[in-house]
Amino acid sequence: MGQRDGDGWVDCDCGFRHWGRFGAAGLLVLRCDTPQPQVLLQLRAEWTHGGGTWALPGGAKDSHEDSVTAALREAHEEMGIDVEALTIKHVFSDNHGPWSYDTVIAHAMSDAGAHIANPESTATKWSAIEEVETLNLHPGLKQSWIALKPLTLSSLEK
C-alpha cells in the first residue's frame, strides 16, 4: 500500500472547498439479489463533512490511486465492504477541472458485508433506487444523483 497523502482541502474554481488533494472517489453499491435493486447508503456522523446526511462511502484519493482503487479502499474502511463481492460496472466523474469526485458503480449479489466499520458513519441503509432522492442526502450526492440515477438503472441492463 502506498502513502496516504490525499487528505486535505482544495479551493475549487467552482467556489467551494472540496475534500481530497487529488480528488475524491466513492462507491455506489447496487444490491442485485433483492426483488428490487437497492443502493447502499451511510448516515454521515455529525462531526464529518456533510454530517447528518445520507451519502455513499468515499473519500480522498491518494496520489498513487485511481478512482476504483480509492473508492474500494474507502468503502472497506468505512463500511467493511468485501470488495471481492463486487462487480465494477461504471465510473461517473463529477469533474470540476482542478478537482473531481468519481463515483464507482458496482453490483453485488449479497450485502457485501456492509456494516459500520469506523466512526465516520452512524448508520447504514439499503434503499430502493426510487427512494434515494427522498432522503436527506449529502449535498454532493444530491447534486450528482440526477446523473447517477439513470447510470445506476442502465447498469442493470448490461
# chains A, B, ... in the order shown; residues from 1 in each chain; ligands from 1
>>> select_by_dssp(residues="chain A", states="strand (DSSP E)", output="number ranges by chain")
A: 9-11, 17-19, 24-31, 38-44, 54-55, 58-60, 86-95, 100-108, 121-128
>>> residues_around(residues="Trp145 in chain A", least_positions_apart="2", cutoff="12 Å", atoms="only C-alpha atoms", output="JSON, numbers by chain")
{"A": [28, 39, 55, 56, 92, 93, 94, 103, 129, 130, 131, 132, 133, 134, 135, 137, 138, 139, 140, 141, 142, 143, 147, 148, 149, 150, 151, 152, 153]}
>>> write_last_selection(atoms="C-alpha atoms", output="PDB file, in the first residue's frame")
ATOM      1  CA  LEU A  28     -22.294   3.190  -5.226  1.00  0.00           C
ATOM      2  CA  VAL A  39     -28.362   1.244  -3.107  1.00  0.00           C
ATOM      3  CA  ALA A  55     -24.074   9.530   1.453  1.00  0.00           C
ATOM      4  CA  LEU A  56     -22.059   6.941  -0.387  1.00  0.00           C
ATOM      5  CA  PHE A  92     -19.032   8.582 -13.248  1.00  0.00           C
ATOM      6  CA  SER A  93     -16.885  11.691 -12.872  1.00  0.00           C
ATOM      7  CA  ASP A  94     -18.240  14.949 -11.460  1.00  0.00           C
ATOM      8  CA  THR A 103     -18.448   7.570  -8.286  1.00  0.00           C
ATOM      9  CA  ILE A 129     -33.289   3.425  -6.212  1.00  0.00           C
ATOM     10  CA  GLU A 130     -36.552   5.399  -6.356  1.00  0.00           C
ATOM     11  CA  GLU A 131     -36.324   6.265  -2.639  1.00  0.00           C
ATOM     12  CA  VAL A 132     -32.797   7.688  -2.664  1.00  0.00           C
ATOM     13  CA  GLU A 133     -33.811  11.174  -3.807  1.00  0.00           C
ATOM     14  CA  THR A 134     -36.417  11.418  -0.991  1.00  0.00           C
ATOM     15  CA  LEU A 135     -33.731  11.156   1.712  1.00  0.00           C
ATOM     16  CA  LEU A 137     -28.713  13.472   1.046  1.00  0.00           C
ATOM     17  CA  HIS A 138     -25.189  14.816   1.347  1.00  0.00           C
ATOM     18  CA  PRO A 139     -25.105  17.940  -0.893  1.00  0.00           C
ATOM     19  CA  GLY A 140     -22.620  16.352  -3.318  1.00  0.00           C
ATOM     20  CA  LEU A 141     -24.705  13.201  -3.728  1.00  0.00           C
ATOM     21  CA  LYS A 142     -27.900  15.222  -4.039  1.00  0.00           C
ATOM     22  CA  GLN A 143     -26.400  17.208  -6.909  1.00  0.00           C
ATOM     23  CA  ALA A 147     -26.811  11.883 -13.377  1.00  0.00           C
ATOM     24  CA  LEU A 148     -26.152   8.836 -11.177  1.00  0.00           C
ATOM     25  CA  LYS A 149     -29.723   7.541 -11.070  1.00  0.00           C
ATOM     26  CA  PRO A 150     -30.024   6.843 -14.827  1.00  0.00           C
ATOM     27  CA  LEU A 151     -26.491   5.367 -14.897  1.00  0.00           C
ATOM     28  CA  THR A 152     -27.411   3.103 -11.991  1.00  0.00           C
ATOM     29  CA  LEU A 153     -30.573   1.958 -13.771  1.00  0.00           C
TER      30      LEU A 153
END
>>> residues_around(residues="Phe16 in chain A", least_positions_apart="4", cutoff="12 Å", atoms="only C-alpha atoms", output="ChimeraX atom specification")
/A:9-12,96,98-99,139-140
>>> select_by_dssp(residues="range 25-118 of chain A", states="alpha helix (DSSP H)", output="PyMOL selection string")
chain A and resi 67-79
>>> closest_residue(among="A:Asn95, A:Asp111, A:Gly26, A:Lys89", to="Glu77 in chain A", atoms="only C-alpha atoms")
A:Gly26
>>> residues_around(residues="range 123-128 of chain A", least_positions_apart="4", cutoff="12 Å", atoms="only C-alpha atoms", output="VMD selection string")
chain A and resid 28 to 32 34 to 46 51 to 57 75 78 to 81 110 to 119 132 to 135 149 152 to 153
>>> write_last_selection(atoms="C-alpha atoms", output="PDB file, in the first residue's frame")
ATOM      1  CA  LEU A  28     -22.294   3.190  -5.226  1.00  0.00           C
ATOM      2  CA  VAL A  29     -23.070  -0.450  -4.417  1.00  0.00           C
ATOM      3  CA  LEU A  30     -26.191  -1.762  -6.092  1.00  0.00           C
ATOM      4  CA  ARG A  31     -27.509  -4.902  -4.441  1.00  0.00           C
ATOM      5  CA  CYS A  32     -28.990  -7.056  -7.193  1.00  0.00           C
ATOM      6  CA  THR A  34     -33.265  -8.477  -3.841  1.00  0.00           C
ATOM      7  CA  PRO A  35     -36.699  -8.177  -5.533  1.00  0.00           C
ATOM      8  CA  GLN A  36     -35.891  -4.539  -6.300  1.00  0.00           C
ATOM      9  CA  PRO A  37     -32.246  -3.429  -6.602  1.00  0.00           C
ATOM     10  CA  GLN A  38     -31.082  -1.382  -3.624  1.00  0.00           C
ATOM     11  CA  VAL A  39     -28.362   1.244  -3.107  1.00  0.00           C
ATOM     12  CA  LEU A  40     -26.116   1.134  -0.035  1.00  0.00           C
ATOM     13  CA  LEU A  41     -26.006   4.399   1.898  1.00  0.00           C
ATOM     14  CA  GLN A  42     -24.283   5.564   5.058  1.00  0.00           C
ATOM     15  CA  LEU A  43     -25.519   8.177   7.511  1.00  0.00           C
ATOM     16  CA  ARG A  44     -22.573  10.510   7.989  1.00  0.00           C
ATOM     17  CA  ALA A  45     -21.559  11.204  11.602  1.00  0.00           C
ATOM     18  CA  GLU A  46     -22.347  14.742  12.754  1.00  0.00           C
ATOM     19  CA  GLY A  51     -22.660  15.245   8.828  1.00  0.00           C
ATOM     20  CA  GLY A  52     -26.214  14.050   9.444  1.00  0.00           C
ATOM     21  CA  THR A  53     -26.856  13.309   5.766  1.00  0.00           C
ATOM     22  CA  TRP A  54     -27.035  10.090   3.754  1.00  0.00           C
ATOM     23  CA  ALA A  55     -24.074   9.530   1.453  1.00  0.00           C
ATOM     24  CA  LEU A  56     -22.059   6.941  -0.387  1.00  0.00           C
ATOM     25  CA  PRO A  57     -18.925   5.614   1.274  1.00  0.00           C
ATOM     26  CA  ALA A  75     -15.827   1.575   1.195  1.00  0.00           C
ATOM     27  CA  GLU A  78     -15.935   3.000   6.293  1.00  0.00           C
ATOM     28  CA  MET A  79     -18.415   0.170   5.784  1.00  0.00           C
ATOM     29  CA  GLY A  80     -16.428  -3.072   5.821  1.00  0.00           C
ATOM     30  CA  ILE A  81     -17.354  -3.822   2.212  1.00  0.00           C
ATOM     31  CA  SER A 110     -25.315 -10.035  -1.327  1.00  0.00           C
ATOM     32  CA  ASP A 111     -24.988  -7.364   1.348  1.00  0.00           C
ATOM     33  CA  ALA A 112     -21.199  -7.468   0.654  1.00  0.00           C
ATOM     34  CA  GLY A 113     -20.590  -7.463   4.406  1.00  0.00           C
ATOM     35  CA  ALA A 114     -21.814  -3.880   4.825  1.00  0.00           C
ATOM     36  CA  HIS A 115     -21.708  -2.577   8.390  1.00  0.00           C
ATOM     37  CA  ILE A 116     -20.497   0.461  10.300  1.00  0.00           C
ATOM     38  CA  ALA A 117     -16.739  -0.047  10.240  1.00  0.00           C
ATOM     39  CA  ASN A 118     -15.440   3.273  11.574  1.00  0.00           C
ATOM     40  CA  PRO A 119     -16.741   6.389  13.384  1.00  0.00           C
ATOM     41  CA  VAL A 132     -32.797   7.688  -2.664  1.00  0.00           C
ATOM     42  CA  GLU A 133     -33.811  11.174  -3.807  1.00  0.00           C
ATOM     43  CA  THR A 134     -36.417  11.418  -0.991  1.00  0.00           C
ATOM     44  CA  LEU A 135     -33.731  11.156   1.712  1.00  0.00           C
ATOM     45  CA  LYS A 149     -29.723   7.541 -11.070  1.00  0.00           C
ATOM     46  CA  THR A 152     -27.411   3.103 -11.991  1.00  0.00           C
ATOM     47  CA  LEU A 153     -30.573   1.958 -13.771  1.00  0.00           C
TER      48      LEU A 153
END
>>> closest_residue(among="A:Leu27, A:Gly8, A:Phe22, A:Asp33", to="Ile88 in chain A", atoms="only C-alpha atoms")
A:Leu27
>>> atom_distance(atom1="CA of Gly59 in chain A", atom2="CA of Ser155 in chain A")
23.0 Å
>>> closest_residue(among="A:Leu156, A:Leu86, A:Ala25, A:Val91", to="Ile105 in chain A", atoms="only C-alpha atoms")
A:Val91
